[in-house]
>>> print(open('model-v5.csv').read())   # CSV, C-alpha atoms
chain,number,residue,atom,x,y,z
A,1303,MET,CA,-36.4,-50.0,-96.5
A,1304,THR,CA,-33.2,-51.0,-98.3
A,1305,LYS,CA,-33.6,-54.1,-100.3
A,1306,GLN,CA,-30.7,-56.5,-99.7
A,1307,PHE,CA,-29.6,-59.7,-101.5
A,1308,HIS,CA,-27.2,-61.3,-99.0
A,1309,ASP,CA,-26.0,-64.7,-100.1
A,1310,ALA,CA,-28.5,-64.7,-103.1
A,1311,VAL,CA,-26.2,-66.0,-105.8
A,1312,LEU,CA,-27.7,-65.4,-109.3
A,1313,GLY,CA,-28.7,-68.4,-111.2
A,1314,SER,CA,-26.3,-70.2,-113.5
A,1315,ASP,CA,-28.0,-69.0,-116.7
A,1316,ALA,CA,-27.7,-65.4,-115.5
A,1317,LEU,CA,-24.0,-65.8,-114.6
A,1318,ASP,CA,-23.4,-67.4,-118.0
A,1319,GLN,CA,-25.2,-64.6,-119.8
A,1320,LEU,CA,-23.3,-61.8,-117.9
A,1321,PHE,CA,-19.9,-63.3,-117.6
A,1322,ARG,CA,-19.1,-66.9,-118.4
A,1323,GLU,CA,-20.6,-67.6,-121.8
A,1324,ALA,CA,-20.8,-64.0,-123.1
A,1325,ARG,CA,-18.3,-63.2,-125.8
A,1326,THR,CA,-16.9,-60.2,-127.6
A,1327,TYR,CA,-18.4,-60.0,-131.1
A,1328,ASN,CA,-16.7,-58.8,-134.3
A,1329,GLY,CA,-19.8,-59.2,-136.5
A,1330,TRP,CA,-23.5,-58.7,-136.2
A,1331,LEU,CA,-26.8,-60.2,-137.3
A,1332,GLY,CA,-29.0,-57.9,-139.3
A,1333,LYS,CA,-31.3,-57.0,-136.5
A,1334,GLU,CA,-31.7,-53.4,-135.1
A,1335,VAL,CA,-31.3,-52.2,-131.6
A,1336,SER,CA,-34.3,-50.1,-130.6
A,1337,GLU,CA,-34.3,-46.7,-128.9
A,1338,GLY,CA,-36.2,-48.5,-126.1
A,1339,GLN,CA,-33.3,-50.9,-125.6
A,1340,ILE,CA,-30.8,-48.0,-125.6
A,1341,HIS,CA,-32.8,-46.4,-122.8
A,1342,GLN,CA,-33.1,-49.7,-121.0
A,1343,ILE,CA,-29.3,-50.1,-121.0
A,1344,TYR,CA,-28.8,-46.5,-119.7
A,1345,ASP,CA,-31.4,-46.8,-117.0
A,1346,LEU,CA,-29.5,-49.8,-115.6
A,1347,LEU,CA,-26.0,-48.5,-115.9
A,1348,LYS,CA,-26.7,-45.1,-114.4
A,1349,MET,CA,-27.6,-46.8,-111.1
A,1350,ALA,CA,-24.2,-48.3,-110.6
A,1351,PRO,CA,-21.6,-46.5,-108.5
A,1352,THR,CA,-19.3,-43.7,-109.5
A,1353,SER,CA,-17.1,-41.7,-107.1
A,1354,ALA,CA,-19.3,-39.0,-105.4
A,1355,ASN,CA,-21.9,-39.9,-108.0
A,1356,MET,CA,-19.9,-37.9,-110.5
A,1357,GLN,CA,-21.3,-39.8,-113.5
A,1358,PRO,CA,-18.7,-38.3,-115.8
A,1359,ALA,CA,-19.5,-40.4,-118.9
A,1360,ARG,CA,-21.1,-38.8,-121.9
A,1361,PHE,CA,-22.6,-41.4,-124.3
A,1362,VAL,CA,-23.0,-40.8,-128.0
A,1363,TRP,CA,-25.0,-43.6,-129.6
A,1364,VAL,CA,-24.0,-43.7,-133.2
A,1365,GLN,CA,-26.8,-45.2,-135.3
A,1366,SER,CA,-27.7,-43.2,-138.4
A,1367,PRO,CA,-25.9,-43.8,-141.7
A,1368,GLU,CA,-24.4,-40.3,-141.6
A,1369,ALA,CA,-23.0,-40.6,-138.0
A,1370,LYS,CA,-21.8,-44.1,-138.7
A,1371,ALA,CA,-19.8,-42.9,-141.8
A,1372,LYS,CA,-18.2,-40.2,-139.6
A,1373,LEU,CA,-17.1,-42.8,-137.0
A,1374,VAL,CA,-15.9,-45.3,-139.6
A,1375,ASP,CA,-13.6,-42.6,-140.9
A,1376,CYS,CA,-12.0,-42.4,-137.4
A,1377,VAL,CA,-11.4,-46.0,-136.6
A,1378,ALA,CA,-8.5,-48.3,-137.3
A,1379,GLU,CA,-8.6,-50.3,-140.6
A,1380,GLY,CA,-9.5,-53.5,-138.8
A,1381,ASN,CA,-12.5,-51.9,-137.0
A,1382,LYS,CA,-14.1,-50.2,-140.0
A,1383,ASP,CA,-16.3,-53.2,-141.1
A,1384,LYS,CA,-17.3,-53.9,-137.5
A,1385,VAL,CA,-18.5,-50.4,-136.9
A,1386,GLN,CA,-20.2,-50.2,-140.3
A,1387,ALA,CA,-22.1,-53.4,-139.6
A,1388,ALA,CA,-23.1,-52.8,-136.0
A,1389,PRO,CA,-26.6,-51.7,-135.2
A,1390,VAL,CA,-25.2,-49.1,-132.9
A,1391,THR,CA,-21.7,-48.1,-131.6
A,1392,VAL,CA,-21.5,-46.1,-128.4
A,1393,ILE,CA,-18.8,-43.6,-127.9
A,1394,ILE,CA,-18.1,-43.5,-124.2
A,1395,GLY,CA,-16.8,-40.0,-123.6
A,1396,PHE,CA,-15.9,-38.3,-120.3
A,1397,ASP,CA,-16.4,-34.7,-119.3
A,1398,ILE,CA,-13.4,-33.2,-117.5
A,1399,ASP,CA,-15.7,-30.5,-116.1
A,1400,PHE,CA,-18.1,-33.1,-114.6
A,1401,HIS,CA,-17.7,-31.2,-111.3
A,1402,GLU,CA,-20.0,-28.5,-112.5
A,1403,GLU,CA,-22.9,-31.0,-112.2
A,1404,LEU,CA,-22.1,-32.1,-108.7
A,1405,PRO,CA,-24.3,-29.7,-106.9
A,1406,TRP,CA,-27.4,-31.7,-108.2
A,1407,LEU,CA,-25.7,-35.1,-108.6
A,1408,PHE,CA,-24.2,-35.2,-105.1
A,1409,PRO,CA,-26.4,-33.0,-102.8
A,1410,HIS,CA,-24.9,-34.5,-99.6
A,1411,ALA,CA,-21.9,-32.2,-99.6
A,1412,ASP,CA,-20.2,-29.4,-101.5
A,1413,ALA,CA,-18.3,-31.9,-103.7
A,1414,LYS,CA,-17.8,-29.4,-106.5
A,1415,SER,CA,-15.3,-27.5,-104.4
A,1416,TRP,CA,-13.2,-30.7,-104.0
A,1417,PHE,CA,-12.4,-30.6,-107.7
A,1418,GLU,CA,-12.2,-26.9,-108.5
A,1419,GLY,CA,-8.7,-25.9,-109.8
A,1420,ASP,CA,-7.6,-29.5,-109.9
A,1421,VAL,CA,-7.6,-30.2,-113.6
A,1422,GLU,CA,-5.3,-33.3,-113.3
A,1423,GLY,CA,-7.4,-34.8,-110.6
A,1424,ARG,CA,-10.5,-34.2,-112.6
A,1425,LYS,CA,-9.0,-35.8,-115.7
A,1426,GLU,CA,-8.0,-38.9,-113.7
A,1427,GLY,CA,-11.3,-39.1,-111.9
A,1428,ALA,CA,-13.3,-38.6,-115.1
A,1429,PHE,CA,-11.2,-41.2,-117.0
A,1430,ARG,CA,-11.4,-43.8,-114.3
A,1431,ASN,CA,-15.1,-43.4,-113.5
A,1432,SER,CA,-16.2,-43.2,-117.2
A,1433,ALA,CA,-14.3,-46.5,-117.7
A,1434,LEU,CA,-16.3,-48.0,-114.8
A,1435,GLN,CA,-19.5,-46.7,-116.5
A,1436,GLY,CA,-18.4,-48.2,-119.8
A,1437,ALA,CA,-18.0,-51.6,-118.1
A,1438,TYR,CA,-21.5,-51.2,-116.5
A,1439,LEU,CA,-22.8,-50.4,-120.0
A,1440,MET,CA,-21.4,-53.7,-121.4
A,1441,LEU,CA,-22.9,-55.8,-118.5
A,1442,ALA,CA,-26.2,-53.9,-118.7
A,1443,ALA,CA,-26.4,-54.6,-122.5
A,1444,ARG,CA,-25.7,-58.3,-121.8
A,1445,ALA,CA,-28.3,-58.2,-119.0
A,1446,VAL,CA,-31.0,-57.2,-121.5
A,1447,GLY,CA,-30.0,-59.9,-124.0
A,1448,LEU,CA,-27.7,-58.0,-126.3
A,1449,ASP,CA,-24.0,-58.5,-127.2
A,1450,CYS,CA,-21.0,-56.2,-127.1
A,1451,GLY,CA,-17.8,-55.6,-129.0
A,1452,ALA,CA,-15.6,-52.9,-127.3
A,1453,MET,CA,-12.7,-51.3,-129.2
A,1454,SER,CA,-9.9,-48.8,-128.5
A,1455,GLY,CA,-8.4,-48.9,-132.0
A,1456,TYR,CA,-9.4,-45.5,-133.3
A,1457,ASP,CA,-7.9,-42.0,-133.7
A,1458,THR,CA,-8.9,-40.3,-130.5
A,1459,ASP,CA,-8.3,-36.8,-131.8
A,1460,ALA,CA,-10.4,-37.5,-134.9
A,1461,VAL,CA,-13.3,-38.8,-132.8
A,1462,ASN,CA,-13.1,-35.9,-130.4
A,1463,ALA,CA,-13.1,-33.5,-133.4
A,1464,ALA,CA,-15.9,-35.3,-135.2
A,1465,PHE,CA,-18.2,-35.8,-132.2
A,1466,PHE,CA,-17.2,-33.4,-129.4
A,1467,ALA,CA,-16.2,-30.3,-131.2
A,1468,ASP,CA,-19.1,-28.4,-129.5
A,1469,THR,CA,-18.2,-29.7,-126.0
A,1470,PRO,CA,-14.4,-29.4,-125.8
A,1471,THR,CA,-14.2,-30.6,-122.2
A,1472,VAL,CA,-15.5,-34.0,-123.4
A,1473,LYS,CA,-13.0,-36.6,-124.7
A,1474,ALA,CA,-13.5,-40.2,-125.9
A,1475,ASN,CA,-12.5,-43.0,-123.6
A,1476,PHE,CA,-13.4,-46.0,-125.7
A,1477,ILE,CA,-16.1,-47.2,-128.1
A,1478,CYS,CA,-18.3,-50.2,-128.0
A,1479,SER,CA,-20.6,-51.8,-130.6
A,1480,ILE,CA,-23.9,-53.3,-129.4
A,1481,GLY,CA,-26.3,-55.6,-131.2
A,1482,TYR,CA,-27.1,-59.2,-131.8
A,1483,GLY,CA,-23.8,-60.9,-132.2
A,1484,ASP,CA,-23.0,-63.1,-135.2
A,1485,PRO,CA,-21.7,-66.4,-133.7
A,1486,GLU,CA,-19.5,-66.8,-136.8
A,1487,SER,CA,-17.6,-63.6,-135.9
A,1488,ILE,CA,-16.0,-64.6,-132.6
A,1489,PHE,CA,-12.4,-65.6,-131.9
A,1490,ASP,CA,-11.5,-68.7,-130.0
A,1491,ARG,CA,-11.8,-67.9,-126.3
A,1492,SER,CA,-8.5,-66.4,-125.0
A,1493,PRO,CA,-7.1,-68.1,-121.9
A,1494,ARG,CA,-8.1,-66.8,-118.5
A,1495,PRO,CA,-5.6,-66.7,-115.5
A,1496,ASP,CA,-5.8,-68.9,-112.5
A,1497,PHE,CA,-6.5,-67.1,-109.3
A,1498,ASP,CA,-2.9,-67.1,-108.0
A,1499,THR,CA,-1.5,-65.6,-111.2
A,1500,PHE,CA,-2.8,-62.0,-110.6
A,1501,ASN,CA,-4.2,-62.2,-107.1
A,1502,SER,CA,-2.9,-62.2,-103.6
A,1503,VAL,CA,-4.8,-62.5,-100.3
A,1504,VAL,CA,-2.9,-60.8,-97.5
B,429,MET,CA,-21.4,-74.1,-130.1
B,430,THR,CA,-21.6,-70.5,-128.7
B,431,LYS,CA,-24.3,-70.0,-126.2
B,432,GLN,CA,-26.3,-66.9,-126.9
B,433,PHE,CA,-28.9,-65.1,-125.0
B,434,HIS,CA,-30.6,-62.8,-127.5
B,435,ASP,CA,-33.5,-60.9,-126.1
B,436,ALA,CA,-33.3,-62.8,-122.8
B,437,VAL,CA,-33.8,-60.0,-120.3
B,438,LEU,CA,-32.7,-61.0,-116.8
B,439,GLY,CA,-35.4,-61.2,-114.3
B,440,SER,CA,-36.4,-58.1,-112.3
B,441,ASP,CA,-34.8,-59.5,-109.0
B,442,ALA,CA,-31.5,-60.0,-110.8
B,443,LEU,CA,-31.6,-56.5,-112.3
B,444,ASP,CA,-32.4,-55.1,-108.8
B,445,GLN,CA,-29.6,-57.0,-107.2
B,446,LEU,CA,-27.0,-55.9,-109.8
B,447,PHE,CA,-28.1,-52.4,-110.6
B,448,ARG,CA,-31.3,-50.9,-109.4
B,449,GLU,CA,-31.5,-51.7,-105.7
B,450,ALA,CA,-27.8,-52.3,-104.9
B,451,ARG,CA,-26.2,-49.6,-102.9
B,452,THR,CA,-22.7,-48.4,-101.9
B,453,TYR,CA,-22.1,-49.3,-98.2
B,454,ASN,CA,-20.1,-47.5,-95.7
B,455,GLY,CA,-20.5,-50.0,-92.9
B,456,TRP,CA,-20.5,-53.8,-92.6
B,457,LEU,CA,-22.3,-56.5,-90.7
B,458,GLY,CA,-20.0,-58.7,-88.7
B,459,LYS,CA,-19.9,-61.6,-91.1
B,460,GLU,CA,-16.8,-62.8,-92.9
B,461,VAL,CA,-16.2,-63.2,-96.6
B,462,SER,CA,-14.7,-66.6,-97.3
B,463,GLU,CA,-11.8,-67.4,-99.6
B,464,GLY,CA,-14.3,-69.4,-101.6
B,465,GLN,CA,-16.3,-66.3,-102.2
B,466,ILE,CA,-13.2,-64.4,-103.2
B,467,HIS,CA,-12.4,-67.0,-105.8
B,468,GLN,CA,-16.0,-67.0,-107.0
B,469,ILE,CA,-15.8,-63.3,-107.6
B,470,TYR,CA,-12.5,-63.5,-109.5
B,471,ASP,CA,-13.7,-66.5,-111.6
B,472,LEU,CA,-16.6,-64.4,-112.9
B,473,LEU,CA,-14.8,-61.1,-113.4
B,474,LYS,CA,-11.9,-62.6,-115.3
B,475,MET,CA,-14.3,-63.8,-118.0
B,476,ALA,CA,-15.4,-60.2,-118.9
B,477,PRO,CA,-13.6,-58.4,-121.7
B,478,THR,CA,-10.4,-56.4,-121.7
B,479,SER,CA,-8.6,-55.0,-124.7
B,480,ALA,CA,-6.6,-57.8,-126.3
B,481,ASN,CA,-7.4,-59.8,-123.2
B,482,MET,CA,-4.6,-57.8,-121.4
B,483,GLN,CA,-6.1,-58.4,-118.0
B,484,PRO,CA,-3.9,-55.7,-116.5
B,485,ALA,CA,-5.5,-55.7,-113.0
B,486,ARG,CA,-3.6,-57.0,-110.1
B,487,PHE,CA,-5.8,-57.7,-107.1
B,488,VAL,CA,-4.7,-57.6,-103.5
B,489,TRP,CA,-7.4,-58.8,-101.1
B,490,VAL,CA,-6.6,-57.2,-97.8
B,491,GLN,CA,-8.1,-59.3,-95.0
B,492,SER,CA,-5.6,-60.1,-92.2
B,493,PRO,CA,-5.4,-57.7,-89.2
B,494,GLU,CA,-1.8,-56.8,-90.1
B,495,ALA,CA,-2.5,-56.0,-93.8
B,496,LYS,CA,-5.7,-54.1,-92.8
B,497,ALA,CA,-3.7,-51.9,-90.4
B,498,LYS,CA,-1.2,-51.1,-93.2
B,499,LEU,CA,-4.1,-50.1,-95.5
B,500,VAL,CA,-5.9,-48.1,-92.9
B,501,ASP,CA,-2.7,-46.0,-92.5
B,502,CYS,CA,-2.9,-45.1,-96.2
B,503,VAL,CA,-6.5,-44.1,-96.5
B,504,ALA,CA,-8.2,-40.7,-95.9
B,505,GLU,CA,-9.6,-40.0,-92.5
B,506,GLY,CA,-13.2,-40.6,-93.5
B,507,ASN,CA,-12.3,-44.0,-94.9
B,508,LYS,CA,-10.3,-45.5,-92.0
B,509,ASP,CA,-13.3,-46.9,-90.1
B,510,LYS,CA,-14.8,-48.3,-93.3
B,511,VAL,CA,-11.7,-50.2,-94.2
B,512,GLN,CA,-11.1,-51.3,-90.6
B,513,ALA,CA,-14.7,-52.7,-90.3
B,514,ALA,CA,-14.8,-54.3,-93.8
B,515,PRO,CA,-14.4,-58.1,-94.1
B,516,VAL,CA,-12.1,-57.5,-97.0
B,517,THR,CA,-10.9,-54.5,-99.0
B,518,VAL,CA,-9.5,-55.2,-102.5
B,519,ILE,CA,-6.8,-53.0,-103.9
B,520,ILE,CA,-7.3,-52.9,-107.7
B,521,GLY,CA,-3.9,-52.3,-109.1
B,522,PHE,CA,-2.6,-52.3,-112.6
B,523,ASP,CA,0.6,-53.5,-114.1
B,524,ILE,CA,2.1,-51.1,-116.7
B,525,ASP,CA,4.1,-54.1,-118.0
B,526,PHE,CA,1.0,-56.2,-118.7
B,527,HIS,CA,2.3,-56.7,-122.2
B,528,GLU,CA,4.9,-59.2,-121.0
B,529,GLU,CA,2.0,-61.6,-120.4
B,530,LEU,CA,0.3,-61.2,-123.8
B,531,PRO,CA,2.1,-64.1,-125.5
B,532,TRP,CA,-0.1,-66.5,-123.4
B,533,LEU,CA,-3.0,-64.2,-122.7
B,534,PHE,CA,-3.6,-63.4,-126.4
B,535,PRO,CA,-2.2,-66.2,-128.5
B,536,HIS,CA,-4.1,-65.0,-131.6
B,537,ALA,CA,-1.4,-62.4,-132.6
B,538,ASP,CA,1.9,-60.9,-131.5
B,539,ALA,CA,0.1,-58.4,-129.3
B,540,LYS,CA,3.2,-57.9,-127.1
B,541,SER,CA,4.9,-56.1,-129.9
B,542,TRP,CA,2.1,-53.5,-130.2
B,543,PHE,CA,3.0,-52.2,-126.8
B,544,GLU,CA,6.7,-52.5,-126.6
B,545,GLY,CA,8.4,-49.1,-126.2
B,546,ASP,CA,5.1,-47.3,-125.7
B,547,VAL,CA,5.1,-46.6,-122.0
B,548,GLU,CA,2.4,-43.9,-122.1
B,549,GLY,CA,0.1,-46.1,-124.2
B,550,ARG,CA,0.6,-49.0,-121.7
B,551,LYS,CA,-0.2,-46.7,-118.8
B,552,GLU,CA,-3.4,-45.5,-120.4
B,553,GLY,CA,-4.4,-49.1,-121.5
B,554,ALA,CA,-3.6,-50.6,-118.1
B,555,PHE,CA,-5.5,-47.8,-116.2
B,556,ARG,CA,-8.6,-48.0,-118.5
B,557,ASN,CA,-8.8,-51.8,-118.5
B,558,SER,CA,-8.1,-52.3,-114.8
B,559,ALA,CA,-10.9,-49.8,-114.1
B,560,LEU,CA,-13.2,-52.0,-116.3
B,561,GLN,CA,-12.0,-55.0,-114.3
B,562,GLY,CA,-12.8,-53.1,-111.1
B,563,ALA,CA,-16.3,-52.5,-112.3
B,564,TYR,CA,-16.7,-56.2,-113.2
B,565,LEU,CA,-15.5,-57.0,-109.7
B,566,MET,CA,-18.2,-54.9,-108.1
B,567,LEU,CA,-20.9,-56.4,-110.3
B,568,ALA,CA,-19.6,-59.9,-109.8
B,569,ALA,CA,-19.6,-59.4,-106.0
B,570,ARG,CA,-23.2,-58.3,-106.2
B,571,ALA,CA,-24.0,-61.2,-108.4
B,572,VAL,CA,-23.0,-63.6,-105.6
B,573,GLY,CA,-24.9,-61.8,-102.9
B,574,LEU,CA,-22.3,-59.5,-101.5
B,575,ASP,CA,-22.2,-55.7,-101.2
B,576,CYS,CA,-19.5,-53.2,-102.2
B,577,GLY,CA,-18.1,-49.8,-101.2
B,578,ALA,CA,-15.5,-48.4,-103.6
B,579,MET,CA,-13.2,-45.6,-102.5
B,580,SER,CA,-10.6,-43.4,-104.2
B,581,GLY,CA,-9.8,-41.4,-101.0
B,582,TYR,CA,-6.4,-42.7,-100.1
B,583,ASP,CA,-2.7,-41.8,-100.6
B,584,THR,CA,-1.7,-43.5,-103.8
B,585,ASP,CA,2.0,-43.3,-103.2
B,586,ALA,CA,1.6,-44.8,-99.7
B,587,VAL,CA,-0.5,-47.7,-101.0
B,588,ASN,CA,2.0,-48.3,-103.8
B,589,ALA,CA,4.9,-48.3,-101.2
B,590,ALA,CA,3.0,-50.5,-98.7
B,591,PHE,CA,1.7,-53.1,-101.1
B,592,PHE,CA,3.6,-52.9,-104.4
B,593,ALA,CA,7.2,-52.2,-103.3
B,594,ASP,CA,8.3,-55.6,-104.7
B,595,THR,CA,6.4,-55.1,-108.0
B,596,PRO,CA,7.3,-51.5,-109.0
B,597,THR,CA,5.4,-51.6,-112.3
B,598,VAL,CA,2.1,-52.1,-110.4
B,599,LYS,CA,0.2,-49.1,-109.2
B,600,ALA,CA,-3.1,-48.8,-107.4
B,601,ASN,CA,-6.2,-47.7,-109.4
B,602,PHE,CA,-8.9,-47.7,-106.6
B,603,ILE,CA,-9.9,-49.7,-103.6
B,604,CYS,CA,-13.2,-51.5,-102.8
B,605,SER,CA,-14.5,-53.0,-99.6
B,606,ILE,CA,-16.7,-56.1,-100.0
B,607,GLY,CA,-18.9,-57.8,-97.4
B,608,TYR,CA,-22.4,-57.9,-96.1
B,609,GLY,CA,-23.5,-54.3,-96.0
B,610,ASP,CA,-25.0,-52.7,-92.9
B,611,PRO,CA,-28.3,-51.1,-94.1
B,612,GLU,CA,-27.8,-48.4,-91.5
B,613,SER,CA,-24.6,-47.2,-93.2
B,614,ILE,CA,-25.9,-46.0,-96.6
B,615,PHE,CA,-26.6,-42.4,-97.7
B,616,ASP,CA,-29.8,-41.3,-99.3
B,617,ARG,CA,-29.8,-42.3,-102.9
B,618,SER,CA,-28.1,-39.6,-105.0
B,619,PRO,CA,-30.2,-38.5,-108.0
B,620,ARG,CA,-29.7,-40.2,-111.4
B,621,PRO,CA,-29.8,-38.3,-114.7
B,622,ASP,CA,-32.5,-38.6,-117.3
B,623,PHE,CA,-31.4,-40.1,-120.5
B,624,ASP,CA,-31.2,-36.8,-122.4
B,625,THR,CA,-28.9,-35.2,-119.8
B,626,PHE,CA,-25.7,-37.1,-120.7
B,627,ASN,CA,-26.7,-39.1,-123.9
B,628,SER,CA,-27.3,-38.3,-127.5
B,629,VAL,CA,-28.4,-40.7,-130.3
B,630,VAL,CA,-27.0,-39.6,-133.6
>>> encode(input="model-v5.csv", output="structure tokens")
Amino acid sequence: MTKQFHDAVLGSDALDQLFREARTYNGWLGKEVSEGQIHQIYDLLKMAPTSANMQPARFVWVQSPEAKAKLVDCVAEGNKDKVQAAPVTVIIGFDIDFHEELPWLFPHADAKSWFEGDVEGRKEGAFRNSALQGAYLMLAARAVGLDCGAMSGYDTDAVNAAFFADTPTVKANFICSIGYGDPESIFDRSPRPDFDTFNSVV
Amino acid sequence: MTKQFHDAVLGSDALDQLFREARTYNGWLGKEVSEGQIHQIYDLLKMAPTSANMQPARFVWVQSPEAKAKLVDCVAEGNKDKVQAAPVTVIIGFDIDFHEELPWLFPHADAKSWFEGDVEGRKEGAFRNSALQGAYLMLAARAVGLDCGAMSGYDTDAVNAAFFADTPTVKANFICSIGYGDPESIFDRSPRPDFDTFNSVV
């Protein structure tokens, strides 16, 4: 029996926690993120939809001092302190050869054959759907009481060389620190558009 | 004072509604989505993070019989009935010239200058961040008690011509139907990977 939630609007506190009051953090309180919390985040985000259940994201959770030093070397000057201080920074990568996994990920149809030989289509699909999964990751982290700070200011080739040398079909999409945000480290809230600015109903 | 939610894990029902029990729907109950609900979804999703608050997504909410007929013409055979029956289908587009809006969207710095002249960088940033916004849209719709069915099976050039002819810097990223899902219309749940399959902690 499919569980449905029609017209069940989440409570105001939950909407604040996920969307309205959550903020992007640039600094972190000195409290670790446990491996249990990392699993908890993944176990939520993996349930959210990707096209043909392709699940193209490959997540590298950078937590040890050695791995952190490697990542700090790859990021833009303004992001080095953020990554150094974060309890964990996730590299959200995507596998261009995700279709090899479709026989078990999407058993309803021969989805692998849809992508064979179409490298450009696979790149686009993997990039789009791993970005979706990165967004799910951020909202899942917030849903379990953690904060995020996503970044795209880094040298992509350097990250790919440092973390995906053994899996050359995997490339970095973006990176995101996760932890207990330091309230002193946020910017003033940037303006948000009115509905009519970027929407039309036709 | 920044509101924080450290270690506040959302309740089990909320996690089910957002992630664990929510499903992708292919058919819809005959109940409309109101303009108020559309605004409610946008007012949540716009709060979630994009790089330098670029907010590159441009949303076209296709609801009238005329607009729906135009969109049905553009989608793959297997998606025509889904779009026809859905109360609303959103085209998540992205504006490659999003940087023109940065002076008011990101008042902290001259972010517009970072993107001027860099068309490829803008395409990548707009595509990535509008995908994030599409994911936020799906989780926001679920958060207010609605269901989603995202699709990338359509003729992108045809959608761009039919809906973005007057705004040629805007292109479609993906489309997503929203409504009250018909429980008869879902597939069996596709398998989800164990943590170790697509994750590493380093």
>>> closest_residue(input="model-v5.csv", among="B:Pro531, B:Pro596, B:Gly549, B:Gly573", to="chain A", atoms="only C-alpha atoms")
B:Gly573
>>> residues_near_point(input="model-v5.csv", point="(-6.4, -67.9, -107.1)", cutoff="12 Å", atoms="all atoms listed in the file", output="PyMOL selection string")
(chain A and resi 1494-1503) or (chain B and resi 463-471+474+486-489)
>>> write_last_selection(input="model-v5.csv", atoms="C-alpha atoms", output="JSON list (two decimals), in the frame of the given file")
[["chain", "number", "residue", "atom", "x", "y", "z"],
["A", 1494, "ARG", "CA", -8.10, -66.80, -118.50],
["A", 1495, "PRO", "CA", -5.60, -66.70, -115.50],
["A", 1496, "ASP", "CA", -5.80, -68.90, -112.50],
["A", 1497, "PHE", "CA", -6.50, -67.10, -109.30],
["A", 1498, "ASP", "CA", -2.90, -67.10, -108.00],
["A", 1499, "THR", "CA", -1.50, -65.60, -111.20],
["A", 1500, "PHE", "CA", -2.80, -62.00, -110.60],
["A", 1501, "ASN", "CA", -4.20, -62.20, -107.10],
["A", 1502, "SER", "CA", -2.90, -62.20, -103.60],
["A", 1503, "VAL", "CA", -4.80, -62.50, -100.30],
["B", 463, "GLU", "CA", -11.80, -67.40, -99.60],
["B", 464, "GLY", "CA", -14.30, -69.40, -101.60],
["B", 465, "GLN", "CA", -16.30, -66.30, -102.20],
["B", 466, "ILE", "CA", -13.20, -64.40, -103.20],
["B", 467, "HIS", "CA", -12.40, -67.00, -105.80],
["B", 468, "GLN", "CA", -16.00, -67.00, -107.00],
["B", 469, "ILE", "CA", -15.80, -63.30, -107.60],
["B", 470, "TYR", "CA", -12.50, -63.50, -109.50],
["B", 471, "ASP", "CA", -13.70, -66.50, -111.60],
["B", 474, "LYS", "CA", -11.90, -62.60, -115.30],
["B", 486, "ARG", "CA", -3.60, -57.00, -110.10],
["B", 487, "PHE", "CA", -5.80, -57.70, -107.10],
["B", 488, "VAL", "CA", -4.70, -57.60, -103.50],
["B", 489, "TRP", "CA", -7.40, -58.80, -101.10]]
>>> interface_residues(input="model-v5.csv", of="chain A", to="chain B", cutoff="6 Å", atoms="all atoms listed in the file", output="MDAnalysis selection string")
chainID A and resid 1307:1312 1321:1322 1346 1349:1350 1360:1365 1407:1408 1433:1434 1437 1445:1448 1492:1493 1500:1504
>>> atom_distance(input="model-v5.csv", atom1="atom CA of A:Phe1466", atom2="atom CA of A:Ser1415")
25.8 Å
>>> atom_distance(input="model-v5.csv", atom1="atom CA of B:Asp525", atom2="atom CA of B:Phe543")
9.1 Å
>>> atom_distance(input="model-v5.csv", atom1="atom CA of A:Ser1314", atom2="atom CA of B:Lys459")
24.8 Å
>>> closest_residue(input="model-v5.csv", among="B:Leu499, B:Asn454, B:Ser462, B:Ala513", to="B:Thr584", atoms="only C-alpha atoms")
B:Leu499
